[in-house]
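Asks: Below is a structure I'd like to ask you about.
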Protein chains: 2
Amino acid sequence: MNILITAGGTSERIDDVRAITNHSTGALGQALAHAWLKDSRCHIDYVTTKAAKQPQADPRLTTYFIEGTNDLFETLQHLLTSKRYDAVIHSMAVSDFTPATSFSEPAFYQAINQALPHFGNQVTPELIQQVLAEQEQSTGKISSDTDHLFLVLKKTPKVIQIIKQLQPDTLLVGFKLLTNVTKEQLFSVAHTSLIKSQADYVLANDLQQIDGSQHIGYLLNQTGEVGQGKNKAELAELIVTTLQQDLQRV
Amino acid sequence: MNILITAGGTSERIDDVRAITNHSTGALGQALAHAWLKDSRCHIDYVTTKAAKQPQADPRLTTYFIEGTNDLFETLQHLLTSKRYDAVIHSMAVSDFTPATSFSEPAFYQAINQALPHFGNQVTPELIQQVLAEQEQSTGKISSDTDHLFLVLKKTPKVIQIIKQLQPDTLLVGFKLLTNVTKEQLFSVAHTSLIKSQADYVLANDLQQIDGSQHIGYLLNQTGEVGQGKNKAELAELIVTTLQQDLQRV
């Protein structure tokens, strides 16, 4: 049985020393790996970051280290096209945005002012597009000699989308983390995300209910709640036993 | 003898799950602590982050954890006003900027377009100031439903400046890390930073010369190079023995 797990949080490089990081300890991914390894027929490909907690070394577990969303995309594409997975658990916190370019405050208003007359003295999507394209080419080093720095981020590709595209028959578990919402809102957003990513399950959780050893989460499928857990070990068990039952039925 | 060491890299919060991090393993700070602890009269206050490598536990070492530049500022202010330090080694990688506010692409050009007529159809520093102030008040949650996200960062206070302000008689070692410059440029920038921060020494290093176990660095004082090292253990020894000699002379 081949299982693919992603865990930890991506880190999007701003320059040689700075990055935008998505906070995730990787502890739930670690618990998932340990729960799967109890099944002696199970082989795991584990995609994570160096900053994340690592599962214990095991001959049946291979680790792939990534940093940013691009790395992650390429690694998943490679793995999903070279091996068939029975299940994919995508618990990694993936950045929605990655740095595209940056402006010091004077560079920023100079660029807009130069473009304004050509766009009827209005900032339009086309003006922004032109200004950003010019700045991306100039690849200016980030100056610290400015009161405000304008960091422009661009959307990253939705990595989870390629999983079912490349392996429609794999069992996919996505994750949805929100902050301080009602259970109804959490379930509604998680359900939408499940549909969009064609996931079989989504683990819905709220940052306000994660603290120390507590980690409340709900496993949902297309029709509703499948189960819940109140710490990472329980959530890992819930996910693994649910998938194992599905895999035995096949 | 009281020594204050800062180590690791700050992490500036963007929202509940994202941050801008300054990459630093904290390994040099760890080596510095170990080198100082060989002197049995030495007590260390060690300011670092949870993500950094930690020195071994020792009854003569007290650790203070910080996250962002603000935290760091307050912690140093507290320590420097409550205890006298013989030396301060500020090896922490401190963020120059911290998130102030953010705009989705449409919110951004709408805000500028609304303000433009009041500023003669020119983007001016005053227009930017007004637009940023209004957006900071609206405290909009970061939307992921936009192609580009404009993250506006503001300059952080120069934490190193308060060290000599609060303790003019302490021995201060600053750090200057550049990327891919000549030795002359590195020394020149490091010298300027030493003067600005009133440091007694500055450890100048270039990211291109830090790789695995190699870490080339130069210790400078106001008159020039005092010594150099080619790995973290050598650099820690160089800094500690140089300061010990100065402290014995007093």
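Just remember, in the structure tokens the first chain shown is A, the second B, etc., residues are 1-based per chain, and ligands are 1-based in the order shown.
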For the interface of chain B with chain A (cut-off 8 Å, counting only C-alpha atoms), please tabulate each contacting residue of chain B alongside its nearest pair of atoms and their separation in Å to one decimal, rows sorted by chain and increasing number, as JSON lines.

Replies:
{"residue": "B:Asp16", "atom": "CA", "partner": "A:Thr179", "partner_atom": "CA", "distance": 7.7}
{"residue": "B:Val17", "atom": "CA", "partner": "A:His23", "partner_atom": "CA", "distance": 5.3}
{"residue": "B:Arg18", "atom": "CA", "partner": "A:Asn22", "partner_atom": "CA", "distance": 4.7}
{"residue": "B:Ala19", "atom": "CA", "partner": "A:Thr21", "partner_atom": "CA", "distance": 5.4}
{"residue": "B:Ile20", "atom": "CA", "partner": "A:Ile20", "partner_atom": "CA", "distance": 4.4}
{"residue": "B:Thr21", "atom": "CA", "partner": "A:Ala19", "partner_atom": "CA", "distance": 5.4}
{"residue": "B:Asn22", "atom": "CA", "partner": "A:Arg18", "partner_atom": "CA", "distance": 4.7}
{"residue": "B:His23", "atom": "CA", "partner": "A:Val17", "partner_atom": "CA", "distance": 5.3}
{"residue": "B:Ser24", "atom": "CA", "partner": "A:Val17", "partner_atom": "CA", "distance": 8.0}
{"residue": "B:Ala51", "atom": "CA", "partner": "A:Ala51", "partner_atom": "CA", "distance": 7.8}
{"residue": "B:Asp96", "atom": "CA", "partner": "A:Ser144", "partner_atom": "CA", "distance": 6.6}
{"residue": "B:Phe97", "atom": "CA", "partner": "A:Leu149", "partner_atom": "CA", "distance": 7.6}
{"residue": "B:Glu105", "atom": "CA", "partner": "A:Pro125", "partner_atom": "CA", "distance": 7.9}
{"residue": "B:Pro106", "atom": "CA", "partner": "A:Pro125", "partner_atom": "CA", "distance": 7.8}
{"residue": "B:Tyr109", "atom": "CA", "partner": "A:Val123", "partner_atom": "CA", "distance": 5.5}
{"residue": "B:Gln110", "atom": "CA", "partner": "A:Val123", "partner_atom": "CA", "distance": 7.7}
{"residue": "B:Ile112", "atom": "CA", "partner": "A:Val123", "partner_atom": "CA", "distance": 7.1}
{"residue": "B:Asn113", "atom": "CA", "partner": "A:Gln122", "partner_atom": "CA", "distance": 6.0}
{"residue": "B:Asn121", "atom": "CA", "partner": "A:Asn121", "partner_atom": "CA", "distance": 6.6}
{"residue": "B:Gln122", "atom": "CA", "partner": "A:Asn113", "partner_atom": "CA", "distance": 6.0}
{"residue": "B:Val123", "atom": "CA", "partner": "A:Tyr109", "partner_atom": "CA", "distance": 5.5}
{"residue": "B:Thr124", "atom": "CA", "partner": "A:Tyr109", "partner_atom": "CA", "distance": 6.6}
{"residue": "B:Pro125", "atom": "CA", "partner": "A:Tyr109", "partner_atom": "CA", "distance": 7.8}
{"residue": "B:Ser144", "atom": "CA", "partner": "A:Asp96", "partner_atom": "CA", "distance": 6.6}
{"residue": "B:Thr146", "atom": "CA", "partner": "A:Lys155", "partner_atom": "CA", "distance": 7.4}
{"residue": "B:Asp147", "atom": "CA", "partner": "A:Lys155", "partner_atom": "CA", "distance": 5.4}
{"residue": "B:His148", "atom": "CA", "partner": "A:Lys154", "partner_atom": "CA", "distance": 4.5}
{"residue": "B:Leu149", "atom": "CA", "partner": "A:Leu153", "partner_atom": "CA", "distance": 5.0}
{"residue": "B:Phe150", "atom": "CA", "partner": "A:Val152", "partner_atom": "CA", "distance": 4.7}
{"residue": "B:Leu151", "atom": "CA", "partner": "A:Leu151", "partner_atom": "CA", "distance": 5.1}
{"residue": "B:Val152", "atom": "CA", "partner": "A:Phe150", "partner_atom": "CA", "distance": 4.7}
{"residue": "B:Leu153", "atom": "CA", "partner": "A:Leu149", "partner_atom": "CA", "distance": 5.0}
{"residue": "B:Lys154", "atom": "CA", "partner": "A:His148", "partner_atom": "CA", "distance": 4.5}
{"residue": "B:Lys155", "atom": "CA", "partner": "A:Asp147", "partner_atom": "CA", "distance": 5.4}
{"residue": "B:Thr179", "atom": "CA", "partner": "A:Asp16", "partner_atom": "CA", "distance": 7.6}

Asks: Can you list every residue in stretch 29-250 of chain A that DSSP puts in helix (DSSP H, G or I), as a PyMOL selection string?

Replies: chain A and resi 29-37+69-82+105-119+125-138+161-166+183-197+232-249

Asks: What gap, in Å, lies between atom CA of B:Lys38 and atom CA of B:Thr75?

Replies: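 A separation of 25.8 Å between them.
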
Asks: Using only C-alpha atoms, determine which residues lie at most 9 Å from A:Tyr64, disregarding the query and same-chain residues fewer than 2 positions distant; provide the list as a list in words.

Replies: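 Counting only C-alpha atoms, the residues come to Asp45, Tyr46, Val47, Thr48, Thr49, Thr62, Ile66 and Thr75 of chain A.
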
Asks: Among stretch 14-195 of chain A, which ones does DSSP place in strand (DSSP E or B), written as a count of residues only?

Replies: 45

Asks: Need the shell around A:Ile44: protein/DNA/RNA residues with any atom at most 9 Å away, counting only C-alpha atoms. Skip same-chain ones fewer than 5 positions apart. Format as an NGL selection string?

Replies: :A and (1-5 or 33 or 36-37 or 60-63)

Asks: With a distance cut-off of 12 Å and only C-alpha atoms, select the neighbouring residues of A:Gln245, excluding the residue or stretch itself and same-chain residues fewer than 5 positions from it, and output the selection as number ranges by chain.

Replies: A: 87, 171, 238-240, 250

Asks: Quick one, how far is atom CA of A:Thr25 from atom CA of A:Thr6?

Replies: 12.2 Å

Asks: Smallest atom-to-atom distance to A:Gly229: which of A:Gln161, A:Ser193, A:Gln54, A:Asn205, using only C-alpha atoms?

Replies: A:Asn205

Asks: Atom CA of B:Thr223 to atom CA of B:His43: how many Å, to one decimal?

Replies: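 Interatomic distance here is 29.7 Å.
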
Asks: Give me the residues within 7 Å of B:Gly217 as an MDAnalysis selection string, counting only C-alpha atoms and dropping any in the same chain fewer than 5 places off.

Replies: chainID B and resid 203:205 228:230 235

Asks: Taking only C-alpha atoms into account, name the residue in B:Asp86, B:Asp58, B:Asp206, B:Asp200 that is nearest to B:Asn221.

Replies: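 Going through B:Asp86, B:Asp58, B:Asp206, B:Asp200 one by one, the smallest distance to B:Asn221 is for B:Asp200.
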
Asks: Could you check the closest approach to A:Asp169 for each of A:Thr242, A:Gln137, A:Gln198, A:Thr192 and tell me which residue wins, using only C-alpha atoms?

Replies: A:Gln198

Asks: Compare B:Ala115, B:Cys42, B:Leu79, B:Ala7 by their minimum atom-to-atom distance to B:Gly26, counting only C-alpha atoms, and give me the closest one.

Replies: B:Ala7

Asks: Pick out the residues sitting within 7 Å of A:Leu28, and hand them over as a ChimeraX atom specification; count only C-alpha atoms, and ignore anything fewer than 3 positions along from it in its own chain.

Replies: /A:31-32,232,236

Asks: Write out, as an mmCIF file, in the first residue's frame, the residues just selected, with N, CA and C atoms.

Replies:
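Once everything was written out, this is part28.cif:
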data_model
loop_
_atom_site.group_PDB
_atom_site.id
_atom_site.type_symbol
_atom_site.label_atom_id
_atom_site.label_comp_id
_atom_site.auth_asym_id
_atom_site.auth_seq_id
_atom_site.Cartn_x
_atom_site.Cartn_y
_atom_site.Cartn_z
ATOM 1 N N ALA A 31 2.245 12.429 13.291
ATOM 2 C CA ALA A 31 1.318 11.459 13.913
ATOM 3 C C ALA A 31 0.663 10.574 12.849
ATOM 4 N N LEU A 32 0.362 11.156 11.679
ATOM 5 C CA LEU A 32 -0.234 10.380 10.577
ATOM 6 C C LEU A 32 0.746 9.312 10.086
ATOM 7 N N LYS A 232 -4.036 15.563 18.276
ATOM 8 C CA LYS A 232 -3.433 15.140 16.999
ATOM 9 C C LYS A 232 -3.403 13.616 16.850
ATOM 10 N N ALA A 236 -5.161 11.706 13.790
ATOM 11 C CA ALA A 236 -4.382 10.830 12.914
ATOM 12 C C ALA A 236 -5.047 9.448 12.847
#

Asks: Counting only C-alpha atoms, which of B:Phe73, B:Asn231, B:Gly8, B:Tyr85 gets nearest to B:Gly212?

Replies: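 Between B:Phe73, B:Asn231, B:Gly8, B:Tyr85, the residue approaching B:Gly212 most closely is B:Asn231.
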